[in-house]
$ cat upload-v1.pdb   # PDB, C-alpha atoms
ATOM      1  CA  MET R  22       0.000   0.000   0.000
ATOM      2  CA  HIS R  23       2.801   2.433   0.759
ATOM      3  CA  GLU R  24       4.916   0.955  -2.011
ATOM      4  CA  LEU R  25       4.323   4.180  -3.941
ATOM      5  CA  GLN R  26       6.058   6.320  -1.348
ATOM      6  CA  VAL R  27       8.955   3.915  -0.940
ATOM      7  CA  THR R  28       9.304   3.698  -4.697
ATOM      8  CA  GLU R  29       9.425   7.466  -4.955
ATOM      9  CA  SER R  30      12.306   7.509  -2.444
ATOM     10  CA  ILE R  31      14.167   4.864  -4.427
ATOM     11  CA  LEU R  32      13.826   6.902  -7.610
ATOM     12  CA  ASN R  33      14.866  10.141  -5.884
ATOM     13  CA  ILE R  34      17.973   8.566  -4.383
ATOM     14  CA  ALA R  35      18.940   6.979  -7.707
ATOM     15  CA  LEU R  36      18.521  10.285  -9.551
ATOM     16  CA  LYS R  37      20.383  12.166  -6.817
ATOM     17  CA  TYR R  38      23.495  10.045  -7.413
ATOM     18  CA  SER R  39      23.289  10.410 -11.185
ATOM     19  CA  PRO R  40      24.735  13.868 -12.049
ATOM     20  CA  ALA R  41      27.938  13.430 -10.045
ATOM     21  CA  ASN R  42      28.493  10.046 -11.674
ATOM     22  CA  LYS R  43      27.678  11.346 -15.171
ATOM     23  CA  VAL R  44      24.947   8.770 -15.598
ATOM     24  CA  LYS R  45      23.208   8.633 -18.970
ATOM     25  CA  LYS R  46      20.940   5.770 -18.182
ATOM     26  CA  ILE R  47      20.150   3.666 -15.150
ATOM     27  CA  ILE R  48      19.930  -0.027 -16.044
ATOM     28  CA  ALA R  49      19.267  -1.644 -12.679
ATOM     29  CA  ILE R  50      18.978  -0.683  -9.031
ATOM     30  CA  HIS R  51      19.937  -3.256  -6.425
ATOM     31  CA  LEU R  52      17.989  -3.069  -3.190
ATOM     32  CA  THR R  53      18.131  -4.862   0.113
ATOM     33  CA  ILE R  54      14.769  -5.079   1.837
ATOM     34  CA  GLY R  55      14.261  -6.683   5.235
ATOM     35  CA  GLU R  56      12.367  -9.937   5.270
ATOM     36  CA  LEU R  57       9.933  -8.480   7.811
ATOM     37  CA  SER R  58       8.828  -5.716   5.473
ATOM     38  CA  GLU R  59       5.437  -6.135   3.862
ATOM     39  CA  LEU R  60       6.541  -4.621   0.574
ATOM     40  CA  GLU R  61       5.705  -6.632  -2.505
ATOM     41  CA  ASN R  62       8.422  -6.813  -5.158
ATOM     42  CA  GLU R  63       5.963  -6.808  -8.006
ATOM     43  CA  TRP R  64       4.256  -3.628  -6.881
ATOM     44  CA  ILE R  65       7.501  -1.783  -6.273
ATOM     45  CA  GLN R  66       8.539  -2.523  -9.840
ATOM     46  CA  ARG R  67       5.148  -1.517 -11.253
ATOM     47  CA  TYR R  68       5.134   1.794  -9.382
ATOM     48  CA  PHE R  69       8.724   2.373 -10.319
ATOM     49  CA  ASP R  70       7.956   1.884 -14.008
ATOM     50  CA  TYR R  71       5.177   4.428 -13.688
ATOM     51  CA  LEU R  72       7.140   7.034 -11.724
ATOM     52  CA  SER R  73      10.377   6.740 -13.670
ATOM     53  CA  LYS R  74       8.856   7.531 -17.078
ATOM     54  CA  GLY R  75      10.821  10.278 -18.760
ATOM     55  CA  THR R  76      13.740  10.083 -16.291
ATOM     56  CA  LEU R  77      17.204   8.503 -16.562
ATOM     57  CA  ALA R  78      15.782   5.541 -14.692
ATOM     58  CA  GLN R  79      13.070   4.731 -17.203
ATOM     59  CA  GLY R  80      13.076   0.996 -17.874
ATOM     60  CA  ALA R  81      15.458   0.227 -14.995
ATOM     61  CA  LYS R  82      15.037  -3.102 -13.313
ATOM     62  CA  LEU R  83      14.791  -3.296  -9.536
ATOM     63  CA  VAL R  84      16.760  -6.225  -8.195
ATOM     64  CA  ILE R  85      15.542  -6.983  -4.706
ATOM     65  CA  GLU R  86      17.423  -9.058  -2.201
ATOM     66  CA  ARG R  87      15.698  -9.880   1.081
ATOM     67  CA  SER R  88      17.845  -9.463   4.174
ATOM     68  CA  PRO R  89      17.298 -11.932   7.016
ATOM     69  CA  ILE R  90      15.584 -11.177  10.312
ATOM     70  CA  ARG R  91      18.171 -11.041  13.081
ATOM     71  CA  MET R  92      17.524 -10.873  16.807
ATOM     72  CA  LYS R  93      19.677 -10.232  19.858
ATOM     73  CA  CYS R  94      18.841 -11.809  23.190
ATOM     74  CA  ASP R  95      18.247  -9.218  25.922
ATOM     75  CA  SER R  96      19.817 -11.395  28.611
ATOM     76  CA  CYS R  97      22.787 -13.247  27.088
ATOM     77  CA  ASN R  98      23.382 -10.949  24.063
ATOM     78  CA  HIS R  99      23.430 -13.952  21.741
ATOM     79  CA  GLU R 100      22.671 -12.915  18.160
ATOM     80  CA  PHE R 101      20.680 -15.219  15.963
ATOM     81  CA  GLN R 102      18.752 -15.363  12.729
ATOM     82  CA  ILE R 103      15.118 -16.396  12.463
ATOM     83  CA  LYS R 104      12.685 -17.167   9.679
ATOM     84  CA  ARG R 105       9.714 -14.902   9.045
ATOM     85  CA  ASP R 106       7.299 -17.493  10.409
ATOM     86  CA  ASP R 107       9.311 -17.851  13.618
ATOM     87  CA  ILE R 108       8.727 -14.208  14.530
ATOM     88  CA  ARG R 109       5.497 -15.337  16.154
ATOM     89  CA  ASN R 110       7.387 -17.224  18.805
ATOM     90  CA  ILE R 111      10.838 -15.894  19.467
ATOM     91  CA  GLU R 112      13.161 -17.695  21.834
ATOM     92  CA  CYS R 113      16.908 -17.352  22.275
ATOM     93  CA  PRO R 114      18.460 -20.621  21.064
ATOM     94  CA  GLN R 115      21.214 -20.258  23.650
ATOM     95  CA  CYS R 116      19.370 -19.465  26.896
ATOM     96  CA  SER R 117      15.680 -19.945  25.933
ATOM     97  CA  GLN R 118      14.838 -16.385  27.019
ATOM     98  CA  LYS R 119      11.901 -14.811  25.194
ATOM     99  CA  LYS R 120      12.954 -11.179  25.549
ATOM    100  CA  CYS R 121      14.922 -10.430  22.416
ATOM    101  CA  THR R 122      15.397  -7.291  20.321
ATOM    102  CA  LEU R 123      15.152  -7.056  16.572
ATOM    103  CA  THR R 124      18.497  -5.931  15.110
ATOM    104  CA  SER R 125      17.709  -6.270  11.418
ATOM    105  CA  GLY R 126      14.920  -7.324   9.102
ATOM    106  CA  ARG R 127      12.988  -4.089   8.732
ATOM    107  CA  GLU R 128      15.470  -2.042   6.709
ATOM    108  CA  TYR R 129      15.353  -0.839   3.138
ATOM    109  CA  HIS R 130      18.671  -0.028   1.509
ATOM    110  CA  ILE R 131      19.828   0.800  -1.950
ATOM    111  CA  LYS R 132      23.075  -1.107  -2.390
ATOM    112  CA  HIS R 133      24.223   0.007  -5.791
ATOM    113  CA  MET R 134      23.039   0.668  -9.297
ATOM    114  CA  GLU R 135      24.125  -0.390 -12.748
ATOM    115  CA  VAL R 136      24.408   2.565 -15.080
ATOM    116  CA  MET R 137      25.689   3.627 -18.442
TER     117      MET R 137
ATOM    118  CA  MET Z  16      28.411   0.421 -26.902
ATOM    119  CA  GLU Z  17      29.093   1.982 -23.583
ATOM    120  CA  GLU Z  18      30.055  -0.170 -20.691
ATOM    121  CA  ILE Z  19      27.800  -0.691 -17.737
ATOM    122  CA  ARG Z  20      29.266   0.752 -14.547
ATOM    123  CA  LEU Z  21      28.388   0.000 -10.967
ATOM    124  CA  ILE Z  22      27.753   2.883  -8.568
ATOM    125  CA  GLU Z  23      27.864   2.184  -4.857
ATOM    126  CA  ILE Z  24      25.037   3.858  -3.001
ATOM    127  CA  LYS Z  25      24.418   2.165   0.350
ATOM    128  CA  GLU Z  26      21.689   4.526   1.426
ATOM    129  CA  ALA Z  27      18.672   3.654   3.564
ATOM    130  CA  ILE Z  28      15.474   4.369   1.710
ATOM    131  CA  HIS Z  29      13.633   5.569   4.794
ATOM    132  CA  THR Z  30      16.442   7.887   5.826
ATOM    133  CA  ASP Z  31      14.494  11.069   5.198
ATOM    134  CA  ASN Z  32      11.632   9.985   7.399
ATOM    135  CA  THR Z  33      13.864   8.587  10.131
ATOM    136  CA  ILE Z  34      15.906  11.793  10.308
ATOM    137  CA  LYS Z  35      12.728  13.867  10.409
ATOM    138  CA  ALA Z  36      11.179  11.659  13.110
ATOM    139  CA  ASN Z  37      14.278  11.884  15.314
ATOM    140  CA  LEU Z  38      14.386  15.650  14.890
ATOM    141  CA  LEU Z  39      10.718  15.907  15.803
ATOM    142  CA  ARG Z  40      11.307  13.841  18.960
ATOM    143  CA  GLU Z  41      14.197  16.102  19.907
ATOM    144  CA  ASN Z  42      12.111  19.253  19.439
ATOM    145  CA  LEU Z  43       9.187  17.792  21.376
ATOM    146  CA  SER Z  44      11.563  16.967  24.215
ATOM    147  CA  LYS Z  45      12.547  20.616  24.332
ATOM    148  CA  SER Z  46       8.995  21.917  24.107
ATOM    149  CA  LYS Z  47       7.889  19.310  26.693
ATOM    150  CA  THR Z  48       5.169  17.739  24.614
ATOM    151  CA  PHE Z  49       4.637  13.989  24.830
ATOM    152  CA  LEU Z  50       3.666  12.551  21.447
ATOM    153  CA  LEU Z  51       1.660   9.332  21.370
ATOM    154  CA  ASN Z  52       0.936   7.417  18.164
ATOM    155  CA  LEU Z  53      -2.306   5.427  18.276
ATOM    156  CA  MET Z  54      -2.811   2.789  15.603
ATOM    157  CA  SER Z  55      -5.447   0.151  14.836
ATOM    158  CA  SER Z  56      -7.563  -1.219  12.037
ATOM    159  CA  PRO Z  57     -10.606   0.833  10.960
ATOM    160  CA  GLY Z  58     -13.442   0.632  13.453
ATOM    161  CA  ALA Z  59     -11.426  -0.669  16.408
ATOM    162  CA  GLY Z  60     -12.470   2.376  18.432
ATOM    163  CA  LYS Z  61      -9.562   4.816  18.198
ATOM    164  CA  THR Z  62     -11.650   7.989  18.458
ATOM    165  CA  THR Z  63     -13.854   6.664  21.263
ATOM    166  CA  THR Z  64     -10.766   5.441  23.138
ATOM    167  CA  ILE Z  65      -9.092   8.835  22.803
ATOM    168  CA  LEU Z  66     -12.181  10.591  24.158
ATOM    169  CA  LYS Z  67     -12.594   8.138  27.039
ATOM    170  CA  THR Z  68      -8.888   8.306  27.896
ATOM    171  CA  ILE Z  69      -8.886  12.110  28.007
ATOM    172  CA  GLU Z  70     -12.068  12.089  30.070
ATOM    173  CA  THR Z  71     -10.565   9.567  32.516
ATOM    174  CA  MET Z  72      -7.345  11.545  32.923
ATOM    175  CA  GLY Z  73      -9.526  14.494  33.866
ATOM    176  CA  GLY Z  74      -7.774  17.827  33.897
ATOM    177  CA  ARG Z  75      -4.489  16.359  35.096
ATOM    178  CA  ILE Z  76      -2.723  16.926  31.776
ATOM    179  CA  ARG Z  77      -3.532  19.108  28.791
ATOM    180  CA  THR Z  78      -4.148  17.012  25.715
ATOM    181  CA  GLY Z  79      -4.486  17.728  21.994
ATOM    182  CA  VAL Z  80      -5.295  15.373  19.136
ATOM    183  CA  ILE Z  81      -4.077  14.985  15.557
ATOM    184  CA  GLU Z  82      -6.616  13.115  13.474
ATOM    185  CA  ALA Z  83      -5.600  11.424  10.253
ATOM    186  CA  ASP Z  84      -8.100  10.199   7.754
ATOM    187  CA  ILE Z  85      -8.009   9.373   4.098
ATOM    188  CA  ASP Z  86     -10.828  11.822   3.445
ATOM    189  CA  SER Z  87     -13.132  13.222   6.112
ATOM    190  CA  MET Z  88     -13.339  15.567   9.079
ATOM    191  CA  VAL Z  89     -15.670  13.332  11.099
ATOM    192  CA  ASP Z  90     -13.211  12.372  13.830
ATOM    193  CA  ALA Z  91     -11.770  15.846  14.414
ATOM    194  CA  GLU Z  92     -15.284  17.239  14.690
ATOM    195  CA  LYS Z  93     -16.134  14.613  17.308
ATOM    196  CA  ILE Z  94     -13.041  15.498  19.343
ATOM    197  CA  ALA Z  95     -13.482  19.262  18.978
ATOM    198  CA  ALA Z  96     -17.123  18.952  20.040
ATOM    199  CA  LYS Z  97     -15.793  17.913  23.476
ATOM    200  CA  GLY Z  98     -13.735  21.083  23.700
ATOM    201  CA  ILE Z  99     -10.442  19.321  22.978
ATOM    202  CA  ALA Z 100      -7.841  20.907  20.673
ATOM    203  CA  ALA Z 101      -7.887  18.902  17.446
ATOM    204  CA  VAL Z 102      -6.336  19.077  13.997
ATOM    205  CA  GLN Z 103      -7.517  17.035  11.054
ATOM    206  CA  LEU Z 104      -5.000  15.802   8.503
ATOM    207  CA  ARG Z 105      -6.511  14.549   5.303
ATOM    208  CA  THR Z 106      -4.025  12.091   3.908
ATOM    209  CA  GLY Z 107      -5.712  12.049   0.500
ATOM    210  CA  GLY Z 108      -5.359   8.356  -0.073
ATOM    211  CA  PHE Z 109      -2.176   7.825   1.927
ATOM    212  CA  CYS Z 110      -2.454   4.728   4.065
ATOM    213  CA  HIS Z 111      -0.296   5.970   6.943
ATOM    214  CA  LEU Z 112       1.211   9.050   8.564
ATOM    215  CA  ASP Z 113       4.891   9.867   8.382
ATOM    216  CA  ALA Z 114       6.967  12.325  10.382
ATOM    217  CA  SER Z 115       6.528  15.270   8.009
ATOM    218  CA  MET Z 116       2.745  14.904   8.019
ATOM    219  CA  VAL Z 117       2.779  14.773  11.825
ATOM    220  CA  GLU Z 118       4.969  17.866  11.889
ATOM    221  CA  LYS Z 119       2.337  19.673   9.828
ATOM    222  CA  GLY Z 120      -0.352  18.542  12.254
ATOM    223  CA  LEU Z 121       1.671  19.788  15.236
ATOM    224  CA  GLU Z 122       1.965  23.210  13.593
ATOM    225  CA  GLY Z 123      -1.813  23.448  13.841
ATOM    226  CA  LEU Z 124      -1.757  23.028  17.618
ATOM    227  CA  ASN Z 125      -0.498  25.419  20.266
ATOM    228  CA  LEU Z 126       2.150  23.205  21.862
ATOM    229  CA  ASP Z 127       2.860  25.695  24.665
ATOM    230  CA  ASN Z 128      -0.518  24.785  26.105
ATOM    231  CA  LEU Z 129      -0.263  21.022  25.626
ATOM    232  CA  ASP Z 130       1.471  18.288  27.631
ATOM    233  CA  LEU Z 131       0.306  15.433  25.441
ATOM    234  CA  VAL Z 132      -0.583  15.110  21.773
ATOM    235  CA  ILE Z 133      -2.283  11.930  20.630
ATOM    236  CA  ILE Z 134      -2.005  11.031  16.947
ATOM    237  CA  GLU Z 135      -4.912   9.019  15.647
ATOM    238  CA  ASN Z 136      -3.184   7.291  12.754
ATOM    239  CA  VAL Z 137      -4.957   6.059   9.624
ATOM    240  CA  GLY Z 138      -6.975   2.910  10.348
ATOM    241  CA  ASN Z 139      -4.672   0.196   9.036
ATOM    242  CA  LEU Z 140      -2.590  -2.528  10.708
ATOM    243  CA  VAL Z 141       0.026  -2.718   7.953
ATOM    244  CA  CYS Z 142       1.548   0.532   6.716
ATOM    245  CA  PRO Z 143       1.562   2.733   9.841
ATOM    246  CA  ALA Z 144       3.822   0.134  11.496
ATOM    247  CA  GLU Z 145       6.544   0.889   8.957
ATOM    248  CA  PHE Z 146       6.810   4.650   9.480
ATOM    249  CA  ASP Z 147       8.306   6.409  12.489
ATOM    250  CA  THR Z 148       6.023   9.355  13.288
ATOM    251  CA  GLY Z 149       8.346  10.928  15.852
ATOM    252  CA  ALA Z 150       6.148   9.647  18.684
ATOM    253  CA  ILE Z 151       7.622   8.735  22.047
ATOM    254  CA  LYS Z 152       5.311   5.775  22.521
ATOM    255  CA  ASN Z 153       3.376   3.658  20.044
ATOM    256  CA  VAL Z 154       0.055   2.235  21.138
ATOM    257  CA  MET Z 155      -2.284  -0.052  19.229
ATOM    258  CA  ILE Z 156      -5.841  -1.184  19.684
ATOM    259  CA  LEU Z 157      -7.086  -4.665  18.870
ATOM    260  CA  SER Z 158     -10.837  -4.871  19.296
ATOM    261  CA  VAL Z 159     -12.669  -8.044  20.212
ATOM    262  CA  PRO Z 160     -14.741  -8.317  16.989
ATOM    263  CA  GLU Z 161     -11.529  -8.389  14.924
ATOM    264  CA  GLY Z 162     -10.493 -11.723  16.398
ATOM    265  CA  ASP Z 163      -7.609 -13.000  18.521
ATOM    266  CA  ASP Z 164      -5.584 -14.095  15.480
ATOM    267  CA  LYS Z 165      -4.472 -10.590  14.472
ATOM    268  CA  PRO Z 166      -0.989 -10.853  16.049
ATOM    269  CA  LEU Z 167      -0.410 -13.807  13.717
ATOM    270  CA  LYS Z 168      -1.539 -11.847  10.674
ATOM    271  CA  TYR Z 169       0.093  -8.468  11.329
ATOM    272  CA  PRO Z 170       3.251  -9.276  13.297
ATOM    273  CA  LEU Z 171       5.116  -6.033  12.575
ATOM    274  CA  MET Z 172       2.417  -3.847  14.155
ATOM    275  CA  PHE Z 173       2.540  -5.846  17.390
ATOM    276  CA  THR Z 174       6.340  -5.752  17.301
ATOM    277  CA  VAL Z 175       6.644  -1.952  17.117
ATOM    278  CA  CYS Z 176       4.050  -1.074  19.788
ATOM    279  CA  ASP Z 177       4.742  -0.368  23.457
ATOM    280  CA  VAL Z 178       1.129  -0.915  24.485
ATOM    281  CA  LEU Z 179      -1.707  -3.116  23.260
ATOM    282  CA  LEU Z 180      -5.224  -2.099  24.227
ATOM    283  CA  ILE Z 181      -7.709  -4.943  23.824
ATOM    284  CA  ASN Z 182     -10.870  -2.906  23.281
ATOM    285  CA  LYS Z 183     -14.590  -3.710  23.246
ATOM    286  CA  ILE Z 184     -14.298  -6.273  26.045
ATOM    287  CA  ASP Z 185     -18.013  -5.645  26.614
ATOM    288  CA  TYR Z 186     -18.491  -7.828  23.494
ATOM    289  CA  LEU Z 187     -16.553 -10.773  24.921
ATOM    290  CA  SER Z 188     -19.605 -12.738  25.999
ATOM    291  CA  LEU Z 189     -20.950 -12.605  22.431
ATOM    292  CA  SER Z 190     -17.710 -13.628  20.795
ATOM    293  CA  ASP Z 191     -15.258 -16.522  20.691
ATOM    294  CA  PHE Z 192     -12.327 -14.107  21.135
ATOM    295  CA  ASP Z 193      -9.773 -15.803  23.388
ATOM    296  CA  VAL Z 194      -8.117 -13.059  25.479
ATOM    297  CA  ASP Z 195      -5.356 -15.329  26.764
ATOM    298  CA  ALA Z 196      -4.532 -16.528  23.260
ATOM    299  CA  ALA Z 197      -4.382 -12.945  21.963
ATOM    300  CA  LYS Z 198      -2.128 -11.922  24.862
ATOM    301  CA  THR Z 199       0.211 -14.884  24.403
ATOM    302  CA  ARG Z 200       0.455 -14.258  20.662
ATOM    303  CA  ALA Z 201       1.265 -10.581  21.241
ATOM    304  CA  LYS Z 202       3.807 -11.362  23.991
ATOM    305  CA  ASN Z 203       5.490 -13.977  21.810
ATOM    306  CA  LEU Z 204       6.090 -11.271  19.219
ATOM    307  CA  ASN Z 205       6.965  -8.567  21.699
ATOM    308  CA  PRO Z 206       7.652  -9.658  25.290
ATOM    309  CA  ASN Z 207       7.900  -6.031  26.445
ATOM    310  CA  ILE Z 208       4.428  -5.012  25.268
ATOM    311  CA  GLU Z 209       2.075  -3.750  27.996
ATOM    312  CA  ILE Z 210      -1.469  -5.063  27.619
ATOM    313  CA  PHE Z 211      -4.655  -3.491  28.964
ATOM    314  CA  GLN Z 212      -8.178  -4.799  28.499
ATOM    315  CA  ILE Z 213     -10.638  -1.987  28.073
ATOM    316  CA  SER Z 214     -14.076  -1.019  26.909
ATOM    317  CA  SER Z 215     -14.066   2.563  25.705
ATOM    318  CA  LYS Z 216     -17.834   2.401  25.612
ATOM    319  CA  THR Z 217     -18.496   1.328  29.209
ATOM    320  CA  GLY Z 218     -15.218   2.694  30.573
ATOM    321  CA  GLU Z 219     -14.205  -0.675  32.049
ATOM    322  CA  GLY Z 220     -10.445  -0.991  32.395
ATOM    323  CA  VAL Z 221      -9.756   2.485  31.020
ATOM    324  CA  GLU Z 222      -8.578   3.717  34.433
ATOM    325  CA  ALA Z 223      -5.539   1.380  34.491
ATOM    326  CA  TRP Z 224      -4.511   2.377  30.958
ATOM    327  CA  ALA Z 225      -5.020   6.092  31.684
ATOM    328  CA  GLU Z 226      -2.882   5.744  34.834
ATOM    329  CA  TRP Z 227      -0.096   4.137  32.790
ATOM    330  CA  LEU Z 228      -0.246   6.983  30.283
ATOM    331  CA  LEU Z 229      -0.316   9.662  33.001
ATOM    332  CA  LYS Z 230       2.747   8.116  34.608
ATOM    333  CA  GLU Z 231       4.615   8.072  31.294
ATOM    334  CA  VAL Z 232       3.688  11.674  30.464
ATOM    335  CA  THR Z 233       4.502  12.929  33.964
ATOM    336  CA  GLY Z 234       7.858  11.145  33.885
ATOM    337  CA  PHE Z 235       8.612  12.743  30.528
ATOM    338  CA  LEU Z 236       7.569  16.230  31.651
ATOM    339  CA  ASN Z 237       9.708  15.966  34.782
ATOM    340  CA  GLN Z 238      12.840  15.002  32.883
ATOM    341  CA  PRO Z 239      15.606  17.533  33.468
TER     342      PRO Z 239
END

$ encode --input "upload-v1.pdb" --output "structure tokens"
Amino acid sequence: MHELQVTESILNIALKYSPANKVKKIIAIHLTIGELSELENEWIQRYFDYLSKGTLAQGAKLVIERSPIRMKCDSCNHEFQIKRDDIRNIECPQCSQKKCTLTSGREYHIKHMEVM
Amino acid sequence: MEEIRLIEIKEAIHTDNTIKANLLRENLSKSKTFLLNLMSSPGAGKTTTILKTIETMGGRIRTGVIEADIDSMVDAEKIAAKGIAAVQLRTGGFCHLDASMVEKGLEGLNLDNLDLVIIENVGNLVCPAEFDTGAIKNVMILSVPEGDDKPLKYPLMFTVCDVLLINKIDYLSLSDFDVDAAKTRAKNLNPNIEIFQISSKTGEGVEAWAEWLLKEVTGFLNQP
């Protein structure tokens, strides 16, 4: 639902980096999106195609890599990775404590872009 | 044929909003205004809960409200009718509030006269969870008719909230909502979440929640 706003940010960041790098055309933008995010790849690309019309990024492909959900135990500081489905019942594999803090899995980053 | 080059970017996409939200929190700390972000699905009772909470807190703190709706003034009118300072933000289709929209809302209130501002976010359990509004505490409502399975369906919302209000407990006898199951599911996602059972309609349980909020606001106002 808020894919449009996120997509707008992606486009703005990509265009911001273009003049200094003398970009003529953006071919692909590589993104890392946390596994916990509800964003749908297909919609991001569709919105991007719409928003990027007439810009250097027209026709660019968004390559999305999902970054894993990582937690840190509040008591023993053990860091561990969990699957999306396991978020419903988090437990530290080392000390079985339930109080853990999310350290990654919600982020959106642009890693790099392929340009001409 | 020109060669394809790779440009390193490594920039967080939400940076703008995160920076804005942190700045807002800093400014609100200075102006001594506690900002509370209230989220829920449509119809869970956000407006009624806000009114009942303010009524229960009595005159002990001065409260204002920022109302966000896709397209109407209904909620702000309801709040203002009770003599409470209210601003309506029409999001025009936006499914959530972000820090810059909240900042605009705050400009419409006289913060010198307010200790607490409650944001009534857009009714939606998905998108508002993704955007930092600059609030000090995030609170969500899950109402009994929605079902006790919502923590399973919208995990992020339950993960980012400090408080869960289980509202409409006056409907419990008519429903198969399992309070213990809902609580366990929420705690499994977020062991630190505070849970209150309330009925904004009858007022049951609102006292305990209002006391929690008063304590938080007072603690914030008394910070050096």

$ resolve_selection --input "upload-v1.pdb" --expression "the PyMOL selection byres ((chain Z and resi 202) around 10)" --output "CSV table (one decimal) with C-alpha atoms, in the frame of the given file"
chain,number,residue,atom,x,y,z
R,109,ARG,CA,5.5,-15.3,16.2
R,110,ASN,CA,7.4,-17.2,18.8
R,111,ILE,CA,10.8,-15.9,19.5
R,119,LYS,CA,11.9,-14.8,25.2
R,120,LYS,CA,13.0,-11.2,25.5
Z,166,PRO,CA,-1.0,-10.9,16.0
Z,173,PHE,CA,2.5,-5.8,17.4
Z,174,THR,CA,6.3,-5.8,17.3
Z,179,LEU,CA,-1.7,-3.1,23.3
Z,196,ALA,CA,-4.5,-16.5,23.3
Z,197,ALA,CA,-4.4,-12.9,22.0
Z,198,LYS,CA,-2.1,-11.9,24.9
Z,199,THR,CA,0.2,-14.9,24.4
Z,200,ARG,CA,0.5,-14.3,20.7
Z,201,ALA,CA,1.3,-10.6,21.2
Z,203,ASN,CA,5.5,-14.0,21.8
Z,204,LEU,CA,6.1,-11.3,19.2
Z,205,ASN,CA,7.0,-8.6,21.7
Z,206,PRO,CA,7.7,-9.7,25.3
Z,207,ASN,CA,7.9,-6.0,26.4
Z,208,ILE,CA,4.4,-5.0,25.3
Z,209,GLU,CA,2.1,-3.8,28.0
Z,210,ILE,CA,-1.5,-5.1,27.6

$ closest_residue --input "upload-v1.pdb" --among "Z:Glu70, Z:Glu226, Z:Asp164, Z:Asp86" --to "chain R" --atoms "all atoms listed in the file"
Z:Asp164

$ atom_distance --input "upload-v1.pdb" --atom1 "CA of Tyr38 in chain R" --atom2 "CA of Lys119 in chain Z"
28.9 Å

$ resolve_selection --input "upload-v1.pdb" --expression "the PyMOL selection byres ((chain Z) within 12 of (chain R))" --output "mmCIF file with C-alpha atoms, in the coordinates of the input"
data_model
loop_
_atom_site.group_PDB
_atom_site.id
_atom_site.type_symbol
_atom_site.label_atom_id
_atom_site.label_comp_id
_atom_site.auth_asym_id
_atom_site.auth_seq_id
_atom_site.Cartn_x
_atom_site.Cartn_y
_atom_site.Cartn_z
ATOM 1 C CA MET Z 16 28.411 0.421 -26.902
ATOM 2 C CA GLU Z 17 29.093 1.982 -23.583
ATOM 3 C CA GLU Z 18 30.055 -0.170 -20.691
ATOM 4 C CA ILE Z 19 27.800 -0.691 -17.737
ATOM 5 C CA ARG Z 20 29.266 0.752 -14.547
ATOM 6 C CA LEU Z 21 28.388 0.000 -10.967
ATOM 7 C CA ILE Z 22 27.753 2.883 -8.568
ATOM 8 C CA GLU Z 23 27.864 2.184 -4.857
ATOM 9 C CA ILE Z 24 25.037 3.858 -3.001
ATOM 10 C CA LYS Z 25 24.418 2.165 0.350
ATOM 11 C CA GLU Z 26 21.689 4.526 1.426
ATOM 12 C CA ALA Z 27 18.672 3.654 3.564
ATOM 13 C CA ILE Z 28 15.474 4.369 1.710
ATOM 14 C CA HIS Z 29 13.633 5.569 4.794
ATOM 15 C CA THR Z 30 16.442 7.887 5.826
ATOM 16 C CA ASP Z 31 14.494 11.069 5.198
ATOM 17 C CA ASN Z 32 11.632 9.985 7.399
ATOM 18 C CA THR Z 33 13.864 8.587 10.131
ATOM 19 C CA GLY Z 108 -5.359 8.356 -0.073
ATOM 20 C CA PHE Z 109 -2.176 7.825 1.927
ATOM 21 C CA CYS Z 110 -2.454 4.728 4.065
ATOM 22 C CA HIS Z 111 -0.296 5.970 6.943
ATOM 23 C CA LEU Z 112 1.211 9.050 8.564
ATOM 24 C CA ASP Z 113 4.891 9.867 8.382
ATOM 25 C CA ASN Z 139 -4.672 0.196 9.036
ATOM 26 C CA LEU Z 140 -2.590 -2.528 10.708
ATOM 27 C CA VAL Z 141 0.026 -2.718 7.953
ATOM 28 C CA CYS Z 142 1.548 0.532 6.716
ATOM 29 C CA PRO Z 143 1.562 2.733 9.841
ATOM 30 C CA ALA Z 144 3.822 0.134 11.496
ATOM 31 C CA GLU Z 145 6.544 0.889 8.957
ATOM 32 C CA PHE Z 146 6.810 4.650 9.480
ATOM 33 C CA ASP Z 164 -5.584 -14.095 15.480
ATOM 34 C CA LYS Z 165 -4.472 -10.590 14.472
ATOM 35 C CA PRO Z 166 -0.989 -10.853 16.049
ATOM 36 C CA LEU Z 167 -0.410 -13.807 13.717
ATOM 37 C CA LYS Z 168 -1.539 -11.847 10.674
ATOM 38 C CA TYR Z 169 0.093 -8.468 11.329
ATOM 39 C CA PRO Z 170 3.251 -9.276 13.297
ATOM 40 C CA LEU Z 171 5.116 -6.033 12.575
ATOM 41 C CA MET Z 172 2.417 -3.847 14.155
ATOM 42 C CA PHE Z 173 2.540 -5.846 17.390
ATOM 43 C CA THR Z 174 6.340 -5.752 17.301
ATOM 44 C CA VAL Z 175 6.644 -1.952 17.117
ATOM 45 C CA ALA Z 197 -4.382 -12.945 21.963
ATOM 46 C CA THR Z 199 0.211 -14.884 24.403
ATOM 47 C CA ARG Z 200 0.455 -14.258 20.662
ATOM 48 C CA ALA Z 201 1.265 -10.581 21.241
ATOM 49 C CA LYS Z 202 3.807 -11.362 23.991
ATOM 50 C CA ASN Z 203 5.490 -13.977 21.810
ATOM 51 C CA LEU Z 204 6.090 -11.271 19.219
ATOM 52 C CA ASN Z 205 6.965 -8.567 21.699
ATOM 53 C CA PRO Z 206 7.652 -9.658 25.290
ATOM 54 C CA ASN Z 207 7.900 -6.031 26.445
ATOM 55 C CA ILE Z 208 4.428 -5.012 25.268
#

$ resolve_selection --input "upload-v1.pdb" --expression "the PyMOL selection byres ((chain Z and resi 220) around 12)" --output "PyMOL selection string"
chain Z and resi 64+67-68+71+180-185+210-219+221-227
